[in-house]
$ cat entry-v9.pdb   # PDB, C-alpha atoms and all ligand atoms
ATOM      1  CA  MET A 227     -32.971 -34.008 -38.705
ATOM      2  CA  GLN A 228     -33.136 -35.125 -42.355
ATOM      3  CA  GLU A 229     -31.522 -38.419 -41.322
ATOM      4  CA  SER A 230     -34.149 -39.086 -38.681
ATOM      5  CA  ASN A 231     -36.957 -38.193 -41.145
ATOM      6  CA  ASN A 232     -35.564 -40.713 -43.626
ATOM      7  CA  ALA A 233     -35.320 -43.393 -40.948
ATOM      8  CA  LYS A 234     -38.899 -42.627 -39.871
ATOM      9  CA  ALA A 235     -40.147 -42.952 -43.467
ATOM     10  CA  ILE A 236     -38.383 -46.318 -43.797
ATOM     11  CA  GLU A 237     -39.796 -47.561 -40.468
ATOM     12  CA  MET A 238     -43.283 -46.463 -41.528
ATOM     13  CA  SER A 239     -42.958 -48.054 -44.947
ATOM     14  CA  ASN A 240     -42.637 -51.538 -43.426
ATOM     15  CA  PRO A 241     -43.890 -51.291 -39.851
ATOM     16  CA  SER A 242     -44.170 -55.052 -39.308
ATOM     17  CA  LYS A 243     -40.566 -55.598 -40.412
ATOM     18  CA  GLY A 244     -41.828 -58.885 -41.794
ATOM     19  CA  PRO A 245     -40.636 -60.359 -45.083
ATOM     20  CA  SER A 246     -41.404 -58.167 -48.100
ATOM     21  CA  LYS A 247     -44.732 -58.958 -49.720
ATOM     22  CA  THR A 248     -43.761 -57.196 -52.931
ATOM     23  CA  ALA A 249     -40.656 -59.416 -53.251
ATOM     24  CA  GLU A 250     -42.917 -62.469 -53.189
ATOM     25  CA  THR A 251     -45.390 -60.918 -55.655
ATOM     26  CA  ILE A 252     -42.575 -60.288 -58.098
ATOM     27  CA  ALA A 253     -41.300 -63.856 -57.725
ATOM     28  CA  MET A 254     -44.877 -64.943 -58.499
ATOM     29  CA  VAL A 255     -44.838 -62.872 -61.706
ATOM     30  CA  ARG A 256     -41.616 -64.655 -62.716
ATOM     31  CA  VAL A 257     -43.254 -68.017 -61.973
ATOM     32  CA  GLY A 258     -46.117 -67.127 -64.333
ATOM     33  CA  GLU A 259     -43.798 -66.102 -67.165
ATOM     34  CA  SER A 260     -41.553 -69.140 -66.702
ATOM     35  CA  ARG A 261     -44.566 -71.406 -67.249
ATOM     36  CA  ARG A 262     -45.141 -70.035 -70.744
ATOM     37  CA  PRO A 263     -43.836 -72.082 -73.685
ATOM     38  CA  GLU A 264     -40.113 -71.700 -74.279
ATOM     39  CA  ASP A 265     -40.589 -69.864 -77.583
ATOM     40  CA  GLU A 266     -42.944 -67.335 -75.981
ATOM     41  CA  ARG A 267     -41.538 -66.455 -72.602
ATOM     42  CA  ILE A 268     -39.614 -63.225 -72.185
ATOM     43  CA  CYS A 269     -37.607 -64.429 -69.183
ATOM     44  CA  TYR A 270     -37.087 -67.703 -67.361
ATOM     45  CA  ASP A 271     -36.523 -68.309 -63.669
ATOM     46  CA  PRO A 272     -36.647 -71.966 -62.624
ATOM     47  CA  TYR A 273     -36.135 -71.102 -58.943
ATOM     48  CA  ALA A 274     -38.832 -68.437 -58.499
ATOM     49  CA  ILE A 275     -41.466 -71.002 -57.467
ATOM     50  CA  ARG A 276     -39.348 -71.946 -54.440
ATOM     51  CA  PHE A 277     -39.843 -68.477 -52.949
ATOM     52  CA  ILE A 278     -43.623 -68.582 -52.938
ATOM     53  CA  SER A 279     -45.045 -69.253 -49.493
ATOM     54  CA  GLN A 280     -47.044 -72.392 -48.829
ATOM     55  CA  ASN A 281     -50.319 -70.570 -48.180
ATOM     56  CA  VAL A 282     -50.131 -68.678 -51.501
ATOM     57  CA  LEU A 283     -49.299 -71.873 -53.401
ATOM     58  CA  GLU A 284     -52.122 -73.741 -51.687
ATOM     59  CA  PHE A 285     -54.586 -70.959 -52.424
ATOM     60  CA  ALA A 286     -53.599 -70.855 -56.107
ATOM     61  CA  THR A 287     -53.726 -74.658 -56.434
ATOM     62  CA  CYS A 288     -56.935 -75.275 -54.476
ATOM     63  CA  ASN A 289     -58.868 -72.247 -55.797
ATOM     64  CA  PRO A 290     -57.723 -71.803 -59.406
ATOM     65  CA  GLU A 291     -60.777 -69.753 -60.336
ATOM     66  CA  LYS A 292     -60.457 -67.403 -57.399
ATOM     67  CA  TYR A 293     -56.750 -67.063 -58.130
ATOM     68  CA  ARG A 294     -57.423 -66.253 -61.795
ATOM     69  CA  ALA A 295     -60.035 -63.709 -60.714
ATOM     70  CA  PHE A 296     -57.490 -62.132 -58.353
ATOM     71  CA  LEU A 297     -54.944 -61.831 -61.195
ATOM     72  CA  ALA A 298     -57.588 -60.384 -63.527
ATOM     73  CA  GLN A 299     -58.568 -57.825 -60.892
ATOM     74  CA  SER A 300     -54.899 -56.750 -60.433
ATOM     75  CA  GLU A 301     -54.581 -56.425 -64.203
ATOM     76  CA  ARG A 302     -57.732 -54.287 -64.353
ATOM     77  CA  LEU A 303     -56.472 -51.975 -61.610
ATOM     78  CA  VAL A 304     -52.960 -51.503 -63.006
ATOM     79  CA  PRO A 305     -53.001 -52.714 -66.620
ATOM     80  CA  GLY A 306     -49.733 -54.159 -67.879
ATOM     81  CA  VAL A 307     -47.892 -54.132 -64.591
ATOM     82  CA  SER A 308     -46.891 -57.808 -64.764
ATOM     83  CA  ASN A 309     -45.642 -57.467 -68.329
ATOM     84  CA  SER A 310     -43.570 -54.433 -67.392
ATOM     85  CA  ILE A 311     -42.052 -56.370 -64.482
ATOM     86  CA  ILE A 312     -41.219 -59.219 -66.864
ATOM     87  CA  ALA A 313     -39.585 -56.738 -69.255
ATOM     88  CA  ARG A 314     -37.578 -55.361 -66.314
ATOM     89  CA  VAL A 315     -36.290 -58.828 -65.444
ATOM     90  CA  ARG A 316     -35.311 -59.449 -69.060
ATOM     91  CA  TYR A 317     -33.684 -56.036 -69.522
ATOM     92  CA  ILE A 318     -31.542 -56.526 -66.426
ATOM     93  CA  ASP A 319     -30.692 -60.147 -67.319
ATOM     94  CA  ASP A 320     -29.483 -58.971 -70.745
ATOM     95  CA  LEU A 321     -27.551 -56.138 -69.142
ATOM     96  CA  VAL A 322     -25.838 -58.492 -66.679
ATOM     97  CA  ASN A 323     -24.799 -60.769 -69.553
ATOM     98  CA  SER A 324     -23.442 -57.901 -71.657
ATOM     99  CA  SER A 325     -21.645 -56.467 -68.596
ATOM    100  CA  LEU A 326     -19.999 -59.863 -68.014
ATOM    101  CA  SER A 327     -18.775 -59.839 -71.618
ATOM    102  CA  ASP A 328     -17.413 -56.333 -70.975
ATOM    103  CA  GLY A 329     -15.344 -57.456 -67.975
ATOM    104  CA  LEU A 330     -17.677 -57.009 -65.007
ATOM    105  CA  GLU A 331     -15.783 -57.822 -61.787
ATOM    106  CA  GLN A 332     -18.377 -57.451 -59.023
ATOM    107  CA  LEU A 333     -22.169 -57.298 -58.688
ATOM    108  CA  VAL A 334     -24.163 -55.640 -55.909
ATOM    109  CA  ILE A 335     -27.911 -56.273 -55.780
ATOM    110  CA  LEU A 336     -29.635 -53.814 -53.445
ATOM    111  CA  GLY A 337     -33.128 -54.772 -52.277
ATOM    112  CA  ALA A 338     -32.363 -58.221 -53.741
ATOM    113  CA  GLY A 339     -35.541 -59.862 -52.440
ATOM    114  CA  TYR A 340     -35.874 -63.219 -54.195
ATOM    115  CA  ASP A 341     -33.671 -62.252 -57.169
ATOM    116  CA  THR A 342     -32.113 -65.469 -58.497
ATOM    117  CA  ARG A 343     -29.634 -64.106 -61.028
ATOM    118  CA  ALA A 344     -26.665 -65.163 -58.905
ATOM    119  CA  TYR A 345     -27.821 -68.793 -59.273
ATOM    120  CA  ARG A 346     -29.192 -68.894 -62.820
ATOM    121  CA  ILE A 347     -26.791 -66.729 -64.868
ATOM    122  CA  GLU A 348     -23.796 -68.934 -65.496
ATOM    123  CA  GLY A 349     -21.070 -66.263 -65.802
ATOM    124  CA  LEU A 350     -21.980 -64.762 -62.433
ATOM    125  CA  LYS A 351     -20.510 -67.779 -60.634
ATOM    126  CA  ASN A 352     -17.041 -66.395 -61.401
ATOM    127  CA  ILE A 353     -17.453 -62.997 -59.767
ATOM    128  CA  LYS A 354     -18.216 -61.762 -56.283
ATOM    129  CA  ILE A 355     -21.887 -60.908 -55.655
ATOM    130  CA  PHE A 356     -23.412 -59.036 -52.736
ATOM    131  CA  GLU A 357     -27.124 -59.427 -52.080
ATOM    132  CA  VAL A 358     -28.459 -56.714 -49.767
ATOM    133  CA  ASP A 359     -31.914 -56.726 -48.154
ATOM    134  CA  GLN A 360     -33.748 -56.136 -44.926
ATOM    135  CA  PRO A 361     -33.121 -58.907 -42.373
ATOM    136  CA  ALA A 362     -36.610 -60.525 -42.438
ATOM    137  CA  THR A 363     -36.647 -60.948 -46.223
ATOM    138  CA  GLN A 364     -33.022 -62.017 -46.412
ATOM    139  CA  LYS A 365     -33.552 -64.657 -43.724
ATOM    140  CA  ILE A 366     -36.153 -66.356 -45.928
ATOM    141  CA  LYS A 367     -33.964 -65.969 -48.994
ATOM    142  CA  VAL A 368     -31.033 -67.666 -47.267
ATOM    143  CA  GLU A 369     -33.206 -70.511 -45.936
ATOM    144  CA  LYS A 370     -34.636 -71.169 -49.406
ATOM    145  CA  ILE A 371     -31.249 -71.027 -51.119
ATOM    146  CA  LYS A 372     -29.936 -73.605 -48.615
ATOM    147  CA  GLU A 373     -32.980 -75.765 -49.324
ATOM    148  CA  ILE A 374     -32.480 -75.570 -53.107
ATOM    149  CA  PHE A 375     -28.689 -75.974 -53.279
ATOM    150  CA  LYS A 376     -28.054 -77.770 -49.930
ATOM    151  CA  SER A 377     -25.494 -75.095 -49.012
ATOM    152  CA  LEU A 378     -24.847 -71.401 -49.638
ATOM    153  CA  PRO A 379     -22.838 -70.702 -52.799
ATOM    154  CA  SER A 380     -19.403 -69.245 -52.092
ATOM    155  CA  HIS A 381     -19.671 -66.490 -54.730
ATOM    156  CA  VAL A 382     -22.603 -64.792 -52.948
ATOM    157  CA  THR A 383     -22.322 -62.712 -49.778
ATOM    158  CA  TYR A 384     -25.588 -61.925 -47.993
ATOM    159  CA  VAL A 385     -25.606 -58.519 -46.315
ATOM    160  CA  SER A 386     -28.573 -57.781 -44.054
ATOM    161  CA  VAL A 387     -29.098 -54.039 -44.172
ATOM    162  CA  ASP A 388     -32.041 -51.740 -43.732
ATOM    163  CA  ILE A 389     -30.893 -49.077 -46.205
ATOM    164  CA  GLY A 390     -31.543 -45.685 -44.647
ATOM    165  CA  ILE A 391     -31.345 -47.006 -41.107
ATOM    166  CA  ASP A 392     -28.136 -49.090 -41.146
ATOM    167  CA  LYS A 393     -24.911 -47.876 -42.738
ATOM    168  CA  LEU A 394     -24.903 -49.448 -46.199
ATOM    169  CA  ASP A 395     -21.318 -48.352 -46.940
ATOM    170  CA  GLN A 396     -19.944 -49.767 -43.698
ATOM    171  CA  ARG A 397     -21.844 -53.049 -43.983
ATOM    172  CA  LEU A 398     -20.737 -53.628 -47.584
ATOM    173  CA  LEU A 399     -17.101 -52.780 -46.892
ATOM    174  CA  GLU A 400     -16.891 -54.953 -43.762
ATOM    175  CA  ASN A 401     -18.355 -57.833 -45.776
ATOM    176  CA  GLY A 402     -15.599 -57.697 -48.392
ATOM    177  CA  TYR A 403     -16.982 -55.293 -51.012
ATOM    178  CA  ASP A 404     -14.014 -54.089 -53.089
ATOM    179  CA  ARG A 405     -14.357 -50.412 -54.023
ATOM    180  CA  SER A 406     -11.659 -50.680 -56.744
ATOM    181  CA  LEU A 407     -13.540 -53.198 -58.928
ATOM    182  CA  LYS A 408     -15.741 -52.586 -61.936
ATOM    183  CA  THR A 409     -19.146 -53.145 -60.385
ATOM    184  CA  LEU A 410     -22.752 -53.235 -61.523
ATOM    185  CA  PHE A 411     -25.346 -52.123 -58.962
ATOM    186  CA  ILE A 412     -28.860 -53.466 -59.507
ATOM    187  CA  MET A 413     -31.710 -51.639 -57.765
ATOM    188  CA  GLU A 414     -34.687 -53.494 -59.235
ATOM    189  CA  GLY A 415     -38.011 -52.535 -57.682
ATOM    190  CA  LEU A 416     -36.196 -50.696 -54.903
ATOM    191  CA  PHE A 417     -35.813 -46.928 -55.284
ATOM    192  CA  MET A 418     -39.570 -46.282 -55.308
ATOM    193  CA  TYR A 419     -39.696 -47.655 -51.746
ATOM    194  CA  LEU A 420     -36.931 -45.408 -50.363
ATOM    195  CA  PRO A 421     -37.095 -41.736 -49.313
ATOM    196  CA  ALA A 422     -35.444 -39.350 -51.817
ATOM    197  CA  GLY A 423     -32.611 -38.549 -49.372
ATOM    198  CA  ILE A 424     -31.690 -42.226 -49.129
ATOM    199  CA  VAL A 425     -31.761 -42.644 -52.900
ATOM    200  CA  ASP A 426     -29.283 -39.721 -53.077
ATOM    201  CA  GLU A 427     -27.062 -41.222 -50.368
ATOM    202  CA  THR A 428     -27.054 -44.591 -52.110
ATOM    203  CA  LEU A 429     -26.093 -43.045 -55.465
ATOM    204  CA  SER A 430     -23.412 -40.974 -53.743
ATOM    205  CA  PHE A 431     -21.959 -44.086 -52.094
ATOM    206  CA  ILE A 432     -21.774 -45.684 -55.553
ATOM    207  CA  THR A 433     -20.084 -42.753 -57.293
ATOM    208  CA  HIS A 434     -17.494 -42.441 -54.483
ATOM    209  CA  ASN A 435     -16.828 -46.128 -53.918
ATOM    210  CA  SER A 436     -16.687 -48.055 -57.174
ATOM    211  CA  GLY A 437     -14.074 -48.891 -59.787
ATOM    212  CA  ARG A 438     -13.724 -47.463 -63.280
ATOM    213  CA  ASN A 439     -16.727 -47.928 -65.587
ATOM    214  CA  SER A 440     -18.963 -49.143 -62.800
ATOM    215  CA  ALA A 441     -22.664 -48.767 -63.578
ATOM    216  CA  ILE A 442     -26.152 -48.748 -62.143
ATOM    217  CA  VAL A 443     -29.488 -50.054 -63.329
ATOM    218  CA  PHE A 444     -32.842 -49.381 -61.726
ATOM    219  CA  ASP A 445     -36.487 -48.830 -62.527
ATOM    220  CA  TYR A 446     -38.535 -45.801 -61.619
ATOM    221  CA  ILE A 447     -42.016 -44.311 -61.660
ATOM    222  CA  PRO A 448     -43.132 -40.709 -62.199
ATOM    223  CA  GLU A 449     -43.157 -38.467 -59.122
ATOM    224  CA  SER A 450     -46.860 -37.817 -59.776
ATOM    225  CA  VAL A 451     -47.689 -41.434 -58.879
ATOM    226  CA  VAL A 452     -45.929 -41.047 -55.543
ATOM    227  CA  ASP A 453     -47.477 -37.709 -54.556
ATOM    228  CA  GLY A 454     -50.950 -38.724 -55.753
ATOM    229  CA  THR A 455     -51.255 -36.143 -58.544
ATOM    230  CA  CYS A 456     -51.078 -38.684 -61.396
ATOM    231  CA  GLU A 457     -54.271 -38.417 -63.379
ATOM    232  CA  LEU A 458     -54.200 -41.942 -64.741
ATOM    233  CA  GLU A 459     -56.446 -44.412 -62.904
ATOM    234  CA  ALA A 460     -53.604 -46.952 -63.074
ATOM    235  CA  GLY A 461     -51.329 -44.556 -61.167
ATOM    236  CA  LYS A 462     -53.894 -43.933 -58.454
ATOM    237  CA  ASN A 463     -54.718 -47.637 -58.107
ATOM    238  CA  TRP A 464     -51.073 -48.669 -58.020
ATOM    239  CA  ARG A 465     -50.281 -46.143 -55.297
ATOM    240  CA  LYS A 466     -53.240 -47.260 -53.198
ATOM    241  CA  GLY A 467     -52.513 -50.976 -53.691
ATOM    242  CA  LEU A 468     -49.000 -50.573 -52.322
ATOM    243  CA  MET A 469     -50.169 -48.492 -49.395
ATOM    244  CA  ASP A 470     -52.640 -51.252 -48.593
ATOM    245  CA  VAL A 471     -49.909 -53.907 -48.431
ATOM    246  CA  GLY A 472     -47.800 -51.644 -46.198
ATOM    247  CA  GLU A 473     -45.003 -50.950 -48.737
ATOM    248  CA  PRO A 474     -45.960 -47.485 -50.046
ATOM    249  CA  PHE A 475     -44.209 -45.689 -52.877
ATOM    250  CA  LEU A 476     -41.880 -42.994 -51.488
ATOM    251  CA  PHE A 477     -39.825 -41.879 -54.481
ATOM    252  CA  GLY A 478     -40.396 -40.986 -58.105
ATOM    253  CA  ILE A 479     -38.707 -38.895 -60.787
ATOM    254  CA  LYS A 480     -40.360 -35.991 -62.581
ATOM    255  CA  GLU A 481     -41.269 -36.880 -66.135
ATOM    256  CA  GLY A 482     -38.506 -36.085 -68.628
ATOM    257  CA  GLU A 483     -35.913 -35.490 -65.895
ATOM    258  CA  ILE A 484     -34.100 -38.804 -65.574
ATOM    259  CA  GLU A 485     -31.033 -37.657 -67.514
ATOM    260  CA  THR A 486     -30.663 -34.451 -65.484
ATOM    261  CA  PHE A 487     -31.301 -36.355 -62.262
ATOM    262  CA  LEU A 488     -28.470 -38.790 -62.962
ATOM    263  CA  THR A 489     -25.935 -36.409 -64.490
ATOM    264  CA  GLN A 490     -26.326 -34.088 -61.488
ATOM    265  CA  ARG A 491     -25.422 -37.044 -59.285
ATOM    266  CA  GLY A 492     -22.215 -38.001 -61.115
ATOM    267  CA  PHE A 493     -23.376 -40.412 -63.816
ATOM    268  CA  SER A 494     -22.983 -40.362 -67.596
ATOM    269  CA  ASN A 495     -24.109 -42.414 -70.638
ATOM    270  CA  VAL A 496     -27.669 -42.424 -69.308
ATOM    271  CA  GLN A 497     -30.009 -44.826 -71.076
ATOM    272  CA  ASN A 498     -33.678 -44.263 -70.422
ATOM    273  CA  VAL A 499     -35.892 -47.207 -71.367
ATOM    274  CA  THR A 500     -39.597 -46.416 -71.581
ATOM    275  CA  SER A 501     -42.498 -48.863 -71.853
ATOM    276  CA  LYS A 502     -42.561 -48.180 -75.605
ATOM    277  CA  ASP A 503     -38.875 -49.106 -75.848
ATOM    278  CA  TYR A 504     -39.195 -52.383 -73.968
ATOM    279  CA  LYS A 505     -42.396 -53.317 -75.716
ATOM    280  CA  THR A 506     -40.614 -52.931 -79.074
ATOM    281  CA  ALA A 507     -37.528 -54.790 -77.857
ATOM    282  CA  TYR A 508     -39.188 -57.861 -76.353
ATOM    283  CA  PHE A 509     -42.894 -58.136 -77.131
ATOM    284  CA  PHE A 510     -43.363 -59.115 -80.755
ATOM    285  CA  GLY A 511     -44.740 -62.135 -82.637
ATOM    286  CA  LYS A 512     -46.954 -64.105 -80.251
ATOM    287  CA  ASN A 513     -46.349 -61.479 -77.565
ATOM    288  CA  GLU A 514     -47.350 -58.519 -79.732
ATOM    289  CA  GLY A 515     -50.718 -58.016 -78.018
ATOM    290  CA  ARG A 516     -49.401 -57.854 -74.452
ATOM    291  CA  VAL A 517     -50.078 -54.541 -72.734
ATOM    292  CA  MET A 518     -47.348 -52.594 -70.871
ATOM    293  CA  ASN A 519     -47.640 -50.285 -67.872
ATOM    294  CA  SER A 520     -46.598 -46.890 -69.232
ATOM    295  CA  LEU A 521     -45.670 -45.705 -65.706
ATOM    296  CA  LEU A 522     -42.674 -48.013 -65.275
ATOM    297  CA  SER A 523     -39.368 -47.047 -66.930
ATOM    298  CA  PHE A 524     -35.814 -48.329 -66.528
ATOM    299  CA  ALA A 525     -32.541 -46.426 -66.340
ATOM    300  CA  TYR A 526     -28.933 -47.446 -66.847
ATOM    301  CA  ALA A 527     -25.963 -45.140 -66.303
ATOM    302  CA  VAL A 528     -22.201 -45.278 -65.860
ATOM    303  CA  VAL A 529     -20.249 -43.709 -63.001
ATOM    304  CA  GLU A 530     -18.417 -40.719 -64.503
TER     305      GLU A 530
HETATM  306  C1  LIG A 601     -40.369 -54.940 -54.906
HETATM  307  S1  LIG A 601     -39.242 -55.920 -54.037
HETATM  308  C2  LIG A 601     -38.051 -56.253 -55.299
HETATM  309  C3  LIG A 601     -37.233 -57.467 -55.015
HETATM  310  C4  LIG A 601     -36.249 -57.853 -56.120
HETATM  311  N1  LIG A 601     -35.315 -56.797 -56.381
HETATM  312  C5  LIG A 601     -36.979 -58.230 -57.378
HETATM  313  O1  LIG A 601     -37.043 -57.411 -58.308
HETATM  314  O2  LIG A 601     -37.492 -59.353 -57.428
HETATM  315  C6  LIG A 601     -38.431 -54.696 -53.046
HETATM  316  C7  LIG A 601     -37.302 -55.261 -52.230
HETATM  317  O3  LIG A 601     -36.593 -54.163 -51.624
HETATM  318  C8  LIG A 601     -36.352 -54.473 -50.274
HETATM  319  N2  LIG A 601     -36.264 -53.217 -49.526
HETATM  320  C9  LIG A 601     -37.207 -52.253 -49.419
HETATM  321  N3  LIG A 601     -36.781 -51.271 -48.599
HETATM  322  C10 LIG A 601     -35.529 -51.621 -48.207
HETATM  323  C11 LIG A 601     -34.572 -51.036 -47.348
HETATM  324  N4  LIG A 601     -34.814 -49.891 -46.720
HETATM  325  N5  LIG A 601     -33.393 -51.681 -47.163
HETATM  326  C12 LIG A 601     -33.135 -52.870 -47.782
HETATM  327  N6  LIG A 601     -34.012 -53.472 -48.601
HETATM  328  C13 LIG A 601     -35.186 -52.869 -48.807
HETATM  329  C14 LIG A 601     -37.547 -55.309 -49.850
HETATM  330  O4  LIG A 601     -37.281 -56.086 -48.694
HETATM  331  C15 LIG A 601     -37.762 -56.157 -51.095
HETATM  332  O5  LIG A 601     -37.018 -57.337 -51.079
END

$ encode --input "entry-v9.pdb" --output "structure tokens" --more "lines below"
Ligand SMILES: C[S@@+](CC[C@H](N)C(=O)[O-])C[C@H]1O[C@@H](n2cnc3c(N)ncnc32)[C@H](O)[C@@H]1O
Amino acid sequence: MQESNNAKAIEMSNPSKGPSKTAETIAMVRVGESRRPEDERICYDPYAIRFISQNVLEFATCNPEKYRAFLAQSERLVPGVSNSIIARVRYIDDLVNSSLSDGLEQLVILGAGYDTRAYRIEGLKNIKIFEVDQPATQKIKVEKIKEIFKSLPSHVTYVSVDIGIDKLDQRLLENGYDRSLKTLFIMEGLFMYLPAGIVDETLSFITHNSGRNSAIVFDYIPESVVDGTCELEAGKNWRKGLMDVGEPFLFGIKEGEIETFLTQRGFSNVQNVTSKDYKTAYFFGKNEGRVMNSLLSFAYAVVE
């Protein structure tokens, strides 16, 4: 019964089963940051532009004022959301690099969308990477990667899975995922789109099927944003905006409960990174004045 409810929630969250709009929006945010001067930008993704659809690019190029007005309107509705997404990219990039120095052996990116780490972080070319996403989004990803690099890189395995409907464990294992290796699992901009039961199943798969010192990193929002009780205008607007694009928020974590949530599910060494933390870490000097979205936090934890 619970299983069929989860599957129903997933089906309803993306009824068209078309490519993810949020994946493209996030690539667009990376494009914007990558265009800033080298000494100002918080992260850099030279490939992000290749994942923006022709009609969006044409609109932005042919109607610069309308496009600027659209960005300003998004910023008014959910202040700081782009900056928080940029901080998320940077936090995870830094984490991937430090994990490589600490002997990372395998990387799994769930809900990979148009994530380009596998192609832009040098050390990742020496380890096995699994990119998991729904078929429609992954199809575009694969086409674009072939266009950019002329062929698919041998260190990346693309696994088309609708998490919650298909068997993630089975699909990863049959595609060569090695459960004995030290692995980092990235769930960037993913858990908030999955039902709570599927988040639990995914974390349980990780704790039961990964090598020593494997770890997870993900971002999360407060439960109050998901259930509509958040009193901040930004929370209400954010929730509505995602409903409108057909990718509604389904999962959040009660404020102050991230550590308990993860320790109860078999993780230790929990690091909770709030908007204050990432603002202090990355946004200083010329970036001092940039506003963060206080509703987006990041979490890192190690499998016990
Ligand atoms: C907000 S985007 C984030 C993409 C990418 N991680 C990033 O940060 O650029 C969410 C991604 O999760 C994927 N996704 C959502 N629900 C999923 C599911 N049930 N199974 C697999 N992927 C899913 C979407 O297709 C999309 O690519």

$ closest_residue --input "entry-v9.pdb" --among "A:Asp328, A:Glu259, A:Glu400, A:Asp445" --to "ligand LIG 601 (chain A)" --atoms "all atoms listed in the file"
A:Asp445

$ residues_near_ligand --input "entry-v9.pdb" --ligand "ligand LIG 601 (chain A)" --cutoff "6 Å" --atoms "all atoms listed in the file" --output "list in words"
Ile236, Ser246, Thr248, Ala249, Ile252, Ala253, Gly337, Ala338, Gly339, Tyr340, Asp341, Asp359, Gln360, Thr363, Val387, Asp388, Ile389, Gly390, Glu414, Gly415, Leu416 and Tyr419 of chain A

$ write_last_selection --input "entry-v9.pdb" --atoms "C-alpha atoms" --output "short mmCIF file (atom, residue, chain, number, x, y, z; two decimals), in the coordinates of the input"
data_model
loop_
_atom_site.label_atom_id
_atom_site.label_comp_id
_atom_site.auth_asym_id
_atom_site.auth_seq_id
_atom_site.Cartn_x
_atom_site.Cartn_y
_atom_site.Cartn_z
CA ILE A 236 -38.38 -46.32 -43.80
CA SER A 246 -41.40 -58.17 -48.10
CA THR A 248 -43.76 -57.20 -52.93
CA ALA A 249 -40.66 -59.42 -53.25
CA ILE A 252 -42.58 -60.29 -58.10
CA ALA A 253 -41.30 -63.86 -57.72
CA GLY A 337 -33.13 -54.77 -52.28
CA ALA A 338 -32.36 -58.22 -53.74
CA GLY A 339 -35.54 -59.86 -52.44
CA TYR A 340 -35.87 -63.22 -54.20
CA ASP A 341 -33.67 -62.25 -57.17
CA ASP A 359 -31.91 -56.73 -48.15
CA GLN A 360 -33.75 -56.14 -44.93
CA THR A 363 -36.65 -60.95 -46.22
CA VAL A 387 -29.10 -54.04 -44.17
CA ASP A 388 -32.04 -51.74 -43.73
CA ILE A 389 -30.89 -49.08 -46.20
CA GLY A 390 -31.54 -45.68 -44.65
CA GLU A 414 -34.69 -53.49 -59.24
CA GLY A 415 -38.01 -52.54 -57.68
CA LEU A 416 -36.20 -50.70 -54.90
CA TYR A 419 -39.70 -47.66 -51.75
#

$ closest_residue --input "entry-v9.pdb" --among "A:Ser260, A:Thr455, A:Gln490, A:Ser450" --to "Asp426 of chain A" --atoms "only C-alpha atoms"
A:Gln490

$ resolve_selection --input "entry-v9.pdb" --expression "the PyMOL selection byres (((chain A and resi 448) around 6) and not hetatm)" --output "list in words"
Ile447, Glu449, Ser450, Val451, Gly478, Ile479, Lys480 and Glu481 of chain A

$ closest_residue --input "entry-v9.pdb" --among "A:Gly349, A:Gly492, A:Pro290, A:Pro379" --to "Thr433 of chain A" --atoms "all atoms listed in the file"
A:Gly492

$ atom_distance --input "entry-v9.pdb" --atom1 "atom CA of Ser406 of chain A" --atom2 "atom CA of Ser436 of chain A"
5.7 Å

$ axis_aligned_box --input "entry-v9.pdb" --around "segment 368-377 of chain A" --padding-each-side "6 Å" --output "AutoDock Vina command-line options"
--center_x -30.1 --center_y -72.7 --center_z -49.6 --size_x 21.1 --size_y 22.1 --size_z 19.3

$ residues_around --input "entry-v9.pdb" --residues "segment 305-312 of chain A" --least-positions-apart "4" --cutoff "6 Å" --atoms "only C-alpha atoms" --output "PDB file with C-alpha atoms, in the frame of the given file"
ATOM      1  CA  GLU A 301     -54.581 -56.425 -64.203  1.00  0.00           C
ATOM      2  CA  VAL A 517     -50.078 -54.541 -72.734  1.00  0.00           C
ATOM      3  CA  MET A 518     -47.348 -52.594 -70.871  1.00  0.00           C
ATOM      4  CA  ASN A 519     -47.640 -50.285 -67.872  1.00  0.00           C
TER       5      ASN A 519
END

$ closest_residue --input "entry-v9.pdb" --among "A:Leu410, A:Arg276, A:Cys269, A:Pro263" --to "Phe375 of chain A" --atoms "all atoms listed in the file"
A:Arg276

$ closest_residue --input "entry-v9.pdb" --among "A:Pro474, A:Gly511, A:Gly482, A:Gly258" --to "Leu420 of chain A" --atoms "all atoms listed in the file"
A:Pro474

$ residues_around --input "entry-v9.pdb" --residues "Ala460 of chain A" --least-positions-apart "2" --cutoff "9 Å" --atoms "all atoms listed in the file" --output "ChimeraX atom specification"
/A:302-305,456-458,462-465,519,521

$ atom_distance --input "entry-v9.pdb" --atom1 "atom CA of Cys288 of chain A" --atom2 "atom CA of Ser300 of chain A"
19.6 Å

$ resolve_selection --input "entry-v9.pdb" --expression "the PyMOL selection byres (((chain A and resi 395) around 12) and not hetatm)" --output "PyMOL selection string"
chain A and resi 334+336+358+385+387-394+396-405+427-436

$ atom_distance --input "entry-v9.pdb" --atom1 "atom CA of Glu483 of chain A" --atom2 "atom CA of Lys505 of chain A"
21.4 Å

$ resolve_selection --input "entry-v9.pdb" --expression "the PyMOL selection byres (((chain A and resi 323) around 12) and not hetatm)" --output "VMD selection string"
chain A and resid 316 to 322 324 to 330 333 343 to 344 346 to 350 410
